$ cat upload_10.tsv   # TSV, C-alpha atoms
chain	number	residue	atom	x	y	z
A	1	MET	CA	-12.59	8.98	33.31
A	2	SER	CA	-11.35	12.17	31.72
A	3	VAL	CA	-9.49	12.16	28.44
A	4	THR	CA	-6.51	14.44	28.17
A	5	THR	CA	-5.80	15.89	24.76
A	6	ILE	CA	-2.29	17.06	24.09
A	7	HIS	CA	-1.87	20.07	21.83
A	8	LEU	CA	1.48	20.70	20.21
A	9	LEU	CA	3.00	23.62	18.42
A	10	THR	CA	2.88	22.74	14.74
A	11	HIS	CA	4.50	24.41	11.75
A	12	LEU	CA	2.95	24.04	8.32
A	13	LEU	CA	3.75	25.47	4.91
A	14	VAL	CA	0.40	26.11	3.25
A	15	ASN	CA	0.07	27.67	-0.20
A	16	GLY	CA	3.52	29.17	0.19
A	17	GLU	CA	2.86	30.69	3.61
A	18	ARG	CA	4.31	29.50	6.90
A	19	LYS	CA	1.68	28.83	9.53
A	20	THR	CA	2.26	28.12	13.20
A	21	LEU	CA	-0.57	26.79	15.31
A	22	THR	CA	-1.23	24.69	18.36
A	23	VAL	CA	-3.23	21.57	17.57
A	24	ASP	CA	-3.84	18.00	18.66
A	25	PRO	CA	-1.27	16.14	16.50
A	26	SER	CA	-3.78	13.40	15.73
A	27	THR	CA	-6.16	15.86	14.03
A	28	PRO	CA	-6.63	15.12	10.35
A	29	LEU	CA	-5.05	17.77	8.14
A	30	LEU	CA	-8.47	18.51	6.63
A	31	TRP	CA	-9.79	19.89	9.91
A	32	VAL	CA	-6.69	21.93	10.56
A	33	LEU	CA	-7.09	23.51	7.13
A	34	ARG	CA	-10.79	24.16	7.51
A	35	GLU	CA	-11.18	24.98	11.20
A	36	ASP	CA	-7.85	26.47	12.21
A	37	LEU	CA	-6.71	28.08	8.97
A	38	LYS	CA	-10.20	28.81	7.57
A	39	LEU	CA	-9.29	27.37	4.18
A	40	THR	CA	-12.75	26.00	3.56
A	41	GLY	CA	-12.32	25.26	-0.13
A	42	THR	CA	-11.17	21.76	0.82
A	43	LYS	CA	-14.29	19.74	1.56
A	44	TYR	CA	-15.25	17.00	3.95
A	45	GLY	CA	-17.01	14.24	2.05
A	46	CYS	CA	-16.77	10.76	3.49
A	47	GLY	CA	-13.93	10.95	6.03
A	48	ILE	CA	-12.53	7.59	4.93
A	49	GLY	CA	-10.63	8.53	1.79
A	50	ALA	CA	-13.22	7.05	-0.52
A	51	CYS	CA	-14.64	10.16	-2.22
A	52	GLY	CA	-11.72	12.49	-2.91
A	53	ALA	CA	-13.47	15.71	-1.88
A	54	CYS	CA	-10.71	16.52	0.63
A	55	THR	CA	-7.82	16.16	-1.83
A	56	VAL	CA	-4.87	18.51	-1.37
A	57	HIS	CA	-1.27	18.28	-2.58
A	58	LEU	CA	1.58	17.31	-0.27
A	59	ASP	CA	4.80	18.01	-2.13
A	60	GLY	CA	2.78	17.70	-5.32
A	61	VAL	CA	1.22	14.35	-4.45
A	62	GLY	CA	-2.57	14.32	-4.43
A	63	THR	CA	-3.43	13.37	-0.84
A	64	ARG	CA	-6.64	12.70	1.04
A	65	SER	CA	-6.39	15.25	3.84
A	66	CYS	CA	-9.14	13.58	5.88
A	67	LEU	CA	-6.85	10.60	6.50
A	68	VAL	CA	-3.53	12.27	7.26
A	69	PRO	CA	-2.95	13.29	10.87
A	70	VAL	CA	-1.35	16.71	10.89
A	71	SER	CA	1.63	15.25	12.79
A	72	LEU	CA	2.56	13.21	9.71
A	73	VAL	CA	2.69	16.17	7.32
A	74	GLY	CA	6.16	17.22	8.44
A	75	ASP	CA	7.83	19.83	6.27
A	76	ARG	CA	6.03	18.87	3.09
A	77	LYS	CA	4.49	21.72	1.10
A	78	ILE	CA	0.71	21.78	1.37
A	79	VAL	CA	-1.24	23.22	-1.55
A	80	THR	CA	-5.00	23.53	-1.36
A	81	ILE	CA	-7.61	24.58	-3.89
A	82	GLU	CA	-7.04	28.17	-2.73
A	83	GLY	CA	-3.46	27.87	-3.99
A	84	MET	CA	-4.51	26.78	-7.48
A	85	ALA	CA	-5.11	30.36	-8.56
A	86	HIS	CA	-1.33	30.86	-8.33
A	87	ASP	CA	-0.45	27.63	-10.10
A	88	PRO	CA	-0.04	27.80	-13.90
A	89	ILE	CA	-1.60	24.39	-14.44
A	90	GLY	CA	-4.18	25.04	-11.74
A	91	ARG	CA	-5.33	28.17	-13.57
A	92	VAL	CA	-5.65	26.32	-16.88
A	93	VAL	CA	-7.68	23.59	-15.20
A	94	GLN	CA	-9.95	26.04	-13.40
A	95	ASN	CA	-10.55	27.94	-16.67
A	96	ALA	CA	-11.35	24.66	-18.42
A	97	TRP	CA	-13.84	23.93	-15.62
A	98	VAL	CA	-15.58	27.25	-16.24
A	99	ASP	CA	-15.46	26.95	-20.04
A	100	ASN	CA	-17.02	23.49	-19.90
A	101	ASP	CA	-19.56	24.46	-17.24
A	102	VAL	CA	-18.54	21.37	-15.28
A	103	VAL	CA	-20.01	22.15	-11.92
A	104	GLN	CA	-23.49	21.26	-10.77
A	105	CYS	CA	-23.66	21.41	-6.96
A	106	GLY	CA	-19.89	21.91	-6.83
A	107	TYR	CA	-19.19	20.15	-3.55
A	108	CYS	CA	-16.71	17.62	-4.93
A	109	GLN	CA	-15.15	19.92	-7.50
A	110	SER	CA	-12.25	21.29	-5.50
A	111	GLY	CA	-11.09	17.71	-4.92
A	112	GLN	CA	-11.65	16.93	-8.59
A	113	VAL	CA	-9.53	19.91	-9.64
A	114	MET	CA	-6.73	18.97	-7.24
A	115	SER	CA	-6.58	15.45	-8.65
A	116	VAL	CA	-6.63	16.72	-12.25
A	117	VAL	CA	-3.78	19.12	-11.55
A	118	ALA	CA	-1.76	16.27	-10.01
A	119	LEU	CA	-2.49	14.19	-13.09
A	120	LEU	CA	-1.57	16.89	-15.61
A	121	LYS	CA	1.63	17.80	-13.78
A	122	SER	CA	2.76	14.23	-14.27
A	123	ASN	CA	1.17	13.50	-17.64
A	124	ARG	CA	0.39	16.29	-20.11
A	125	LYS	CA	-1.27	13.96	-22.57
A	126	PRO	CA	-3.46	11.64	-20.54
A	127	THR	CA	-5.41	9.02	-22.40
A	128	ASP	CA	-9.02	8.28	-21.53
A	129	LYS	CA	-7.73	5.26	-19.62
A	130	ASN	CA	-5.28	7.45	-17.67
A	131	ILE	CA	-8.11	9.84	-16.82
A	132	GLU	CA	-10.43	7.04	-15.78
A	133	GLU	CA	-7.80	5.41	-13.55
A	134	SER	CA	-6.46	8.59	-11.98
A	135	MET	CA	-9.87	10.11	-11.35
A	136	GLY	CA	-11.41	6.86	-10.16
A	137	GLY	CA	-11.11	7.93	-6.53
A	138	ASN	CA	-12.98	11.21	-6.95
A	139	LEU	CA	-16.72	10.78	-6.74
A	140	CYS	CA	-19.34	13.21	-8.02
A	141	ARG	CA	-22.87	12.55	-6.83
A	142	CYS	CA	-24.27	14.95	-9.44
A	143	GLY	CA	-22.77	12.76	-12.16
A	144	THR	CA	-20.74	15.43	-13.92
A	145	TYR	CA	-18.19	12.86	-15.08
A	146	VAL	CA	-18.73	13.51	-18.78
A	147	ARG	CA	-18.09	17.21	-18.37
A	148	ILE	CA	-15.13	16.54	-16.08
A	149	ARG	CA	-13.56	14.37	-18.76
A	150	GLU	CA	-14.19	17.01	-21.42
A	151	ALA	CA	-12.64	19.68	-19.22
A	152	ILE	CA	-9.56	17.53	-18.61
A	153	ARG	CA	-9.14	16.96	-22.34
A	154	SER	CA	-9.59	20.69	-22.95
A	155	ALA	CA	-7.03	21.62	-20.28
A	156	ALA	CA	-4.56	19.04	-21.63
A	157	GLU	CA	-4.90	20.50	-25.13
A	158	LYS	CA	-4.18	23.99	-23.82
A	159	LEU	CA	-1.12	22.73	-21.97
A	160	ALA	CA	0.22	20.75	-24.94
B	161	MET	CA	20.54	-68.00	-10.23
B	162	LEU	CA	18.45	-64.87	-10.78
B	163	THR	CA	17.63	-64.80	-7.05
B	164	LEU	CA	21.32	-64.91	-6.20
B	165	ILE	CA	22.05	-62.01	-8.53
B	166	LEU	CA	19.26	-59.92	-7.00
B	167	ILE	CA	20.50	-60.66	-3.48
B	168	ALA	CA	24.03	-59.72	-4.48
B	169	LEU	CA	22.78	-56.42	-5.98
B	170	ALA	CA	20.78	-55.66	-2.84
B	171	VAL	CA	23.81	-56.29	-0.63
B	172	ALA	CA	25.90	-54.04	-2.88
B	173	GLN	CA	23.28	-51.25	-2.60
B	174	ASP	CA	23.15	-51.63	1.18
B	175	SER	CA	26.92	-51.37	1.43
B	176	LYS	CA	26.71	-47.89	-0.15
B	177	ARG	CA	24.13	-46.64	2.35
B	178	PRO	CA	25.33	-44.84	5.47
B	179	PRO	CA	24.61	-46.46	8.84
B	180	ALA	CA	21.13	-45.86	10.22
B	181	SER	CA	22.36	-43.29	12.73
B	182	GLU	CA	23.90	-41.22	9.93
B	183	GLN	CA	20.72	-41.50	7.87
B	184	VAL	CA	18.82	-39.87	10.72
B	185	MET	CA	21.39	-37.10	10.97
B	186	LEU	CA	21.21	-36.48	7.21
B	187	ALA	CA	17.43	-36.38	7.25
B	188	SER	CA	17.10	-34.09	10.27
B	189	PRO	CA	18.26	-30.80	8.79
B	190	ARG	CA	15.88	-31.18	5.85
B	191	SER	CA	12.88	-32.14	7.92
B	192	GLY	CA	13.73	-29.40	10.41
B	193	GLY	CA	14.06	-27.03	7.50
B	194	LEU	CA	10.69	-28.03	6.16
B	195	GLY	CA	9.13	-27.43	9.56
B	196	ALA	CA	10.73	-24.00	9.67
B	197	TRP	CA	9.50	-23.28	6.15
B	198	GLN	CA	5.93	-24.10	7.14
B	199	LYS	CA	6.19	-21.47	9.86
B	200	VAL	CA	7.54	-18.94	7.37
B	201	TYR	CA	4.76	-19.85	4.94
B	202	SER	CA	2.08	-19.40	7.59
B	203	VAL	CA	3.13	-15.75	7.90
B	204	MET	CA	3.51	-15.15	4.17
B	205	VAL	CA	-0.08	-16.15	3.49
B	206	SER	CA	-1.56	-14.25	6.42
B	207	PRO	CA	-3.75	-11.30	5.36
B	208	ARG	CA	-1.16	-8.75	6.50
B	209	CYS	CA	1.23	-10.08	3.83
B	210	LEU	CA	-1.10	-11.56	1.25
B	211	ASN	CA	-3.21	-8.41	0.80
B	212	CYS	CA	-0.29	-6.79	-1.01
B	213	HIS	CA	1.20	-9.97	-2.50
B	214	THR	CA	-1.84	-10.34	-4.75
B	215	ALA	CA	-2.24	-11.77	-8.20
B	216	THR	CA	-4.81	-9.09	-8.94
B	217	THR	CA	-4.71	-5.64	-10.52
B	218	TYR	CA	-5.59	-4.13	-7.16
B	219	PRO	CA	-4.59	-4.47	-3.50
B	220	GLN	CA	-6.82	-6.14	-0.95
B	221	GLN	CA	-7.87	-5.15	2.56
B	222	GLY	CA	-8.94	-6.69	5.83
B	223	ASP	CA	-8.83	-10.18	7.20
B	224	ASP	CA	-11.41	-11.20	4.59
B	225	ARG	CA	-9.06	-9.83	1.89
B	226	HIS	CA	-11.75	-7.85	0.08
B	227	ARG	CA	-10.91	-5.56	-2.79
B	228	HIS	CA	-9.36	-2.24	-1.72
B	229	VAL	CA	-11.91	0.56	-1.58
B	230	ALA	CA	-11.85	3.76	-3.66
B	231	ASN	CA	-11.06	2.14	-7.01
B	232	VAL	CA	-7.39	1.78	-6.16
B	233	ILE	CA	-5.49	-0.14	-8.82
B	234	ARG	CA	-2.02	-1.68	-9.02
B	235	GLY	CA	-0.56	0.74	-11.59
B	236	PRO	CA	2.65	0.26	-13.54
B	237	GLN	CA	5.02	0.26	-10.54
B	238	GLY	CA	2.70	-1.33	-7.99
B	239	LYS	CA	2.11	2.09	-6.43
B	240	GLY	CA	-1.21	2.99	-7.99
B	241	VAL	CA	-1.53	5.72	-10.61
B	242	VAL	CA	-0.99	9.47	-10.56
B	243	ALA	CA	-3.59	11.19	-8.35
B	244	LEU	CA	-4.61	7.82	-6.93
B	245	ASN	CA	-1.42	6.24	-5.71
B	246	CYS	CA	-0.64	4.53	-2.44
B	247	ALA	CA	0.75	7.76	-0.99
B	248	THR	CA	-2.60	9.43	-1.59
B	249	CYS	CA	-3.60	7.88	1.74
B	250	HIS	CA	-0.74	5.77	3.14
B	251	GLN	CA	1.95	7.75	4.93
B	252	SER	CA	5.35	6.67	6.23
B	253	THR	CA	3.88	5.32	9.45
B	254	ASN	CA	0.53	4.10	10.75
B	255	ALA	CA	-2.05	6.83	11.20
B	256	ASN	CA	-3.86	5.36	14.19
B	257	SER	CA	-6.19	8.33	14.64
B	258	THR	CA	-7.64	7.78	11.16
B	259	GLY	CA	-7.04	4.04	10.86
B	260	VAL	CA	-4.86	4.15	7.77
B	261	PRO	CA	-1.86	1.81	7.86
B	262	GLY	CA	1.45	3.18	6.72
B	263	ALA	CA	5.13	2.43	6.29
B	264	HIS	CA	8.00	3.70	4.20
B	265	ASN	CA	7.47	3.19	0.45
B	266	TRP	CA	4.04	1.61	0.73
B	267	HIS	CA	3.39	-0.43	-2.41
B	268	LEU	CA	2.20	-3.72	-3.80
B	269	ALA	CA	4.63	-6.58	-4.23
B	270	PRO	CA	5.36	-7.21	-7.91
B	271	LEU	CA	3.34	-9.91	-9.63
B	272	SER	CA	6.43	-12.14	-9.60
B	273	MET	CA	5.98	-12.18	-5.81
B	274	ARG	CA	2.28	-13.01	-5.79
B	275	TRP	CA	1.36	-15.56	-3.15
B	276	GLN	CA	-2.15	-16.19	-4.41
B	277	ASP	CA	-3.66	-17.71	-7.54
B	278	VAL	CA	-6.02	-15.99	-9.95
B	279	ASN	CA	-8.96	-17.38	-7.99
B	280	ASP	CA	-7.86	-15.49	-4.90
B	281	ARG	CA	-6.63	-18.57	-3.04
B	282	PRO	CA	-3.21	-18.67	-1.37
B	283	LEU	CA	-0.64	-20.60	-3.39
B	284	SER	CA	0.45	-23.89	-1.87
B	285	SER	CA	3.42	-24.03	0.45
B	286	ALA	CA	5.46	-25.74	-2.27
B	287	ASP	CA	4.59	-23.14	-4.90
B	288	VAL	CA	5.40	-20.19	-2.65
B	289	CYS	CA	8.68	-21.85	-1.64
B	290	ARG	CA	9.76	-22.31	-5.25
B	291	SER	CA	8.63	-18.81	-6.21
B	292	VAL	CA	10.63	-17.30	-3.37
B	293	LEU	CA	13.77	-19.16	-4.37
B	294	ARG	CA	13.43	-18.03	-7.99
B	295	LEU	CA	13.63	-14.44	-6.75
B	296	LEU	CA	15.96	-14.46	-3.77
B	297	ASP	CA	18.55	-16.76	-2.29
B	298	GLY	CA	18.37	-17.68	1.38
B	299	PRO	CA	20.57	-14.92	2.82
B	300	HIS	CA	18.80	-12.22	0.82
B	301	LEU	CA	15.40	-13.51	1.90
B	302	LEU	CA	16.55	-13.54	5.52
B	303	LYS	CA	17.69	-9.93	5.18
B	304	HIS	CA	14.36	-9.03	3.55
B	305	HIS	CA	12.45	-10.57	6.43
B	306	GLU	CA	14.69	-8.89	8.99
B	307	GLU	CA	14.77	-5.38	7.59
B	308	GLU	CA	12.18	-4.57	4.90
B	309	PRO	CA	9.91	-1.82	6.31
B	310	LEU	CA	6.77	-3.38	4.86
B	311	VAL	CA	7.64	-6.75	6.42
B	312	LEU	CA	8.21	-5.01	9.75
B	313	TRP	CA	4.87	-3.23	9.33
B	314	ALA	CA	3.03	-6.57	9.16
B	315	PHE	CA	4.00	-7.19	12.79
B	316	ASN	CA	2.99	-3.67	13.84
B	317	PRO	CA	-0.04	-3.04	11.62
B	318	GLY	CA	-1.72	-0.44	13.82
B	319	ARG	CA	-5.38	0.25	14.39
B	320	ARG	CA	-8.36	-0.13	12.13
B	321	PRO	CA	-10.62	2.90	11.54
B	322	ASP	CA	-12.89	1.62	14.33
B	323	GLY	CA	-9.96	1.79	16.77
B	324	THR	CA	-9.44	-1.96	17.20
B	325	MET	CA	-6.04	-3.48	16.52
B	326	ARG	CA	-5.42	-5.20	13.19
B	327	THR	CA	-4.89	-8.95	13.36
B	328	LEU	CA	-1.26	-9.98	13.60
B	329	PRO	CA	0.47	-12.74	11.62
B	330	PRO	CA	0.68	-16.10	13.41
B	331	LEU	CA	4.30	-15.55	14.54
B	332	THR	CA	6.12	-12.65	16.15
B	333	HIS	CA	8.67	-10.90	13.98
B	334	GLU	CA	11.44	-12.54	16.01
B	335	GLY	CA	9.83	-15.95	15.48
B	336	PHE	CA	9.44	-15.27	11.78
B	337	VAL	CA	13.08	-14.27	11.37
B	338	GLU	CA	14.25	-17.25	13.43
B	339	ALA	CA	12.14	-19.64	11.33
B	340	THR	CA	13.59	-18.09	8.17
B	341	ARG	CA	17.10	-18.45	9.59
B	342	GLN	CA	16.53	-22.13	10.39
B	343	TRP	CA	15.11	-22.74	6.92
B	344	VAL	CA	18.11	-21.05	5.28
B	345	LYS	CA	20.52	-22.96	7.53
B	346	ALA	CA	18.86	-26.21	6.49
B	347	GLY	CA	19.53	-25.40	2.84
B	348	THR	CA	16.13	-23.83	1.95
B	349	PRO	CA	14.30	-27.12	1.37
B	350	CYS	CA	10.90	-26.92	-0.31
B	351	PRO	CA	7.97	-29.29	0.26

$ encode --input "upload_10.tsv" --output "structure tokens"
Amino acid sequence: MSVTTIHLLTHLLVNGERKTLTVDPSTPLLWVLREDLKLTGTKYGCGIGACGACTVHLDGVGTRSCLVPVSLVGDRKIVTIEGMAHDPIGRVVQNAWVDNDVVQCGYCQSGQVMSVVALLKSNRKPTDKNIEESMGGNLCRCGTYVRIREAIRSAAEKLA
Amino acid sequence: MLTLILIALAVAQDSKRPPASEQVMLASPRSGGLGAWQKVYSVMVSPRCLNCHTATTYPQQGDDRHRHVANVIRGPQGKGVVALNCATCHQSTNANSTGVPGAHNWHLAPLSMRWQDVNDRPLSSADVCRSVLRLLDGPHLLKHHEEEPLVLWAFNPGRRPDGTMRTLPPLTHEGFVEATRQWVKAGTPCP
């Protein structure tokens, strides 16, 4: 039995740019970003929303792109790690990451940064509890959590 | 003499009682209402409802009602916390290709609407009934059961990540609404 895949014309707004492509509407946004748009900063980790490596922003909401079929994105603004260079808070967070030498292997870090930016856009003075709760869905197998927390505190101080 | 007085009192009591046929008619709506309530209750404590009507600081998942993966917590509004809220994964409709359930305004029911105890057991039928009536009157509960998107989702819960269909509540949505209507019509009796 053959399986027919339907591809539909899809319009996306990614990092401020309009993109039009033809994709299977059931494709997770992650794969559209990585394979079709070549925005490979967003990483595939677990594929079940449990690690946070694929986090992007949809209208400012930190979202696991591995779980969202592209057909459900609609007209929401997509921002990926590549767009953080043009985001005032994103720049502060990325600089804090460098200053605190957070990264070890780096695989999870784009997802970490995306979650931190979502946190700091909503809460400029996060407590340790806020950080722990908000970052609880972003896993780092290298165990850089201490440096991540320091970098978040450092970024929050700069934004205060 | 005492016996005569007791007999007289008993006769007086009997004279105030309605005839037997009327007693049956008076009892029927309540017993029918209780039967309808049990149907309503059977849905309310099914995993599709109970997993988000928890008494815990986190949602639950699956027919075994295990703790939600990924360190998801209740948060101040029942929608998780910034950067790890319900909308981080749950969209406005089921995502069957990835197995993530979704509906408009996905969130946990407030703790005042918890249908389980702190030991993770469903509350009794009587306790849920009284809790419901503290929060909503009959007509409002009927409307909630008819229209609330998250209630509607429970009867169309979509596919699991492995592609199989999620287990449905024990009634259809129509049956659930009809049972609620009968219960309300009977005066919302509780066990």

$ closest_atom_pairs --input "upload_10.tsv" --of "chain B" --to "chain A" --cutoff "6 Å" --atoms "all atoms listed in the file" --output "JSON lines"
{"residue": "B:Ala230", "atom": "CA", "partner": "A:Ala50", "partner_atom": "CA", "distance": 4.7}
{"residue": "B:Asn231", "atom": "CA", "partner": "A:Gly136", "partner_atom": "CA", "distance": 5.7}
{"residue": "B:Val241", "atom": "CA", "partner": "A:Ser134", "partner_atom": "CA", "distance": 5.9}
{"residue": "B:Val242", "atom": "CA", "partner": "A:Leu119", "partner_atom": "CA", "distance": 5.6}
{"residue": "B:Ala243", "atom": "CA", "partner": "A:Gly62", "partner_atom": "CA", "distance": 5.1}
{"residue": "B:Leu244", "atom": "CA", "partner": "A:Ser134", "partner_atom": "CA", "distance": 5.4}
{"residue": "B:Thr248", "atom": "CA", "partner": "A:Thr63", "partner_atom": "CA", "distance": 4.1}
{"residue": "B:Cys249", "atom": "CA", "partner": "A:Arg64", "partner_atom": "CA", "distance": 5.7}
{"residue": "B:Ser257", "atom": "CA", "partner": "A:Ser26", "partner_atom": "CA", "distance": 5.7}
{"residue": "B:Thr258", "atom": "CA", "partner": "A:Leu67", "partner_atom": "CA", "distance": 5.5}

$ write_last_selection --input "upload_10.tsv" --atoms "C-alpha atoms" --output "mmCIF file, keeping the file's coordinate frame"
data_model
loop_
_atom_site.group_PDB
_atom_site.id
_atom_site.type_symbol
_atom_site.label_atom_id
_atom_site.label_comp_id
_atom_site.auth_asym_id
_atom_site.auth_seq_id
_atom_site.Cartn_x
_atom_site.Cartn_y
_atom_site.Cartn_z
ATOM 1 C CA ALA B 230 -11.850 3.760 -3.660
ATOM 2 C CA ASN B 231 -11.060 2.140 -7.010
ATOM 3 C CA VAL B 241 -1.530 5.720 -10.610
ATOM 4 C CA VAL B 242 -0.990 9.470 -10.560
ATOM 5 C CA ALA B 243 -3.590 11.190 -8.350
ATOM 6 C CA LEU B 244 -4.610 7.820 -6.930
ATOM 7 C CA THR B 248 -2.600 9.430 -1.590
ATOM 8 C CA CYS B 249 -3.600 7.880 1.740
ATOM 9 C CA SER B 257 -6.190 8.330 14.640
ATOM 10 C CA THR B 258 -7.640 7.780 11.160
#

$ atom_distance --input "upload_10.tsv" --atom1 "CA of Ala263 in chain B" --atom2 "CA of Leu312 in chain B"
8.8 Å

$ residues_around --input "upload_10.tsv" --residues "Pro219 in chain B" --least-positions-apart "2" --cutoff "8 Å" --atoms "only C-alpha atoms" --output "ChimeraX atom specification"
/B:211-212,214,216-217,221,227-228,232-234,268

$ residues_around --input "upload_10.tsv" --residues "range 105-111 of chain A" --least-positions-apart "5" --cutoff "7 Å" --atoms "only C-alpha atoms" --output "short mmCIF file (atom, residue, chain, number, x, y, z; two decimals) with C-alpha atoms, in the frame of the given file"
data_model
loop_
_atom_site.label_atom_id
_atom_site.label_comp_id
_atom_site.auth_asym_id
_atom_site.auth_seq_id
_atom_site.Cartn_x
_atom_site.Cartn_y
_atom_site.Cartn_z
CA GLY A 41 -12.32 25.26 -0.13
CA THR A 42 -11.17 21.76 0.82
CA GLY A 52 -11.72 12.49 -2.91
CA ALA A 53 -13.47 15.71 -1.88
CA CYS A 54 -10.71 16.52 0.63
CA THR A 55 -7.82 16.16 -1.83
CA ILE A 81 -7.61 24.58 -3.89
CA CYS A 140 -19.34 13.21 -8.02
CA CYS A 142 -24.27 14.95 -9.44
#

$ axis_aligned_box --input "upload_10.tsv" --around "range 145-156 of chain A" --padding-each-side "5 Å" --output "AutoDock Vina command-line options"
--center_x -11.6 --center_y 17.2 --center_z -19.0 --size_x 24.2 --size_y 18.8 --size_z 17.9

$ closest_residue --input "upload_10.tsv" --among "B:Gln237, B:Thr332, B:Thr327, B:Gln342" --to "Ala269 in chain B" --atoms "only C-alpha atoms"
B:Gln237

$ residues_around --input "upload_10.tsv" --residues "Pro282 in chain B" --least-positions-apart "5" --cutoff "12 Å" --atoms "all atoms listed in the file" --output "number ranges by chain"
B: 201-207, 209-211, 213-215, 225, 274-277, 287-288

$ residues_around --input "upload_10.tsv" --residues "Trp97 in chain A" --least-positions-apart "2" --cutoff "9 Å" --atoms "only C-alpha atoms" --output "JSON, numbers by chain"
{"A": [92, 93, 94, 95, 99, 100, 101, 102, 103, 113, 147, 148, 151, 152, 155]}

$ residues_around --input "upload_10.tsv" --residues "range 188-194 of chain B" --least-positions-apart "2" --cutoff "8 Å" --atoms "all atoms listed in the file" --output "NGL selection string"
:B and (184-186 or 196-198 or 342-351)

$ residues_near_point --input "upload_10.tsv" --point "(-12.7, 3.4, 9.5)" --cutoff "6 Å" --atoms "all atoms listed in the file" --output "PyMOL selection string"
chain B and resi 259+321-322

$ atom_distance --input "upload_10.tsv" --atom1 "CA of Leu331 in chain B" --atom2 "CA of Val200 in chain B"
8.6 Å

$ atom_distance --input "upload_10.tsv" --atom1 "CA of Arg153 in chain A" --atom2 "CA of Gly16 in chain A"
28.6 Å
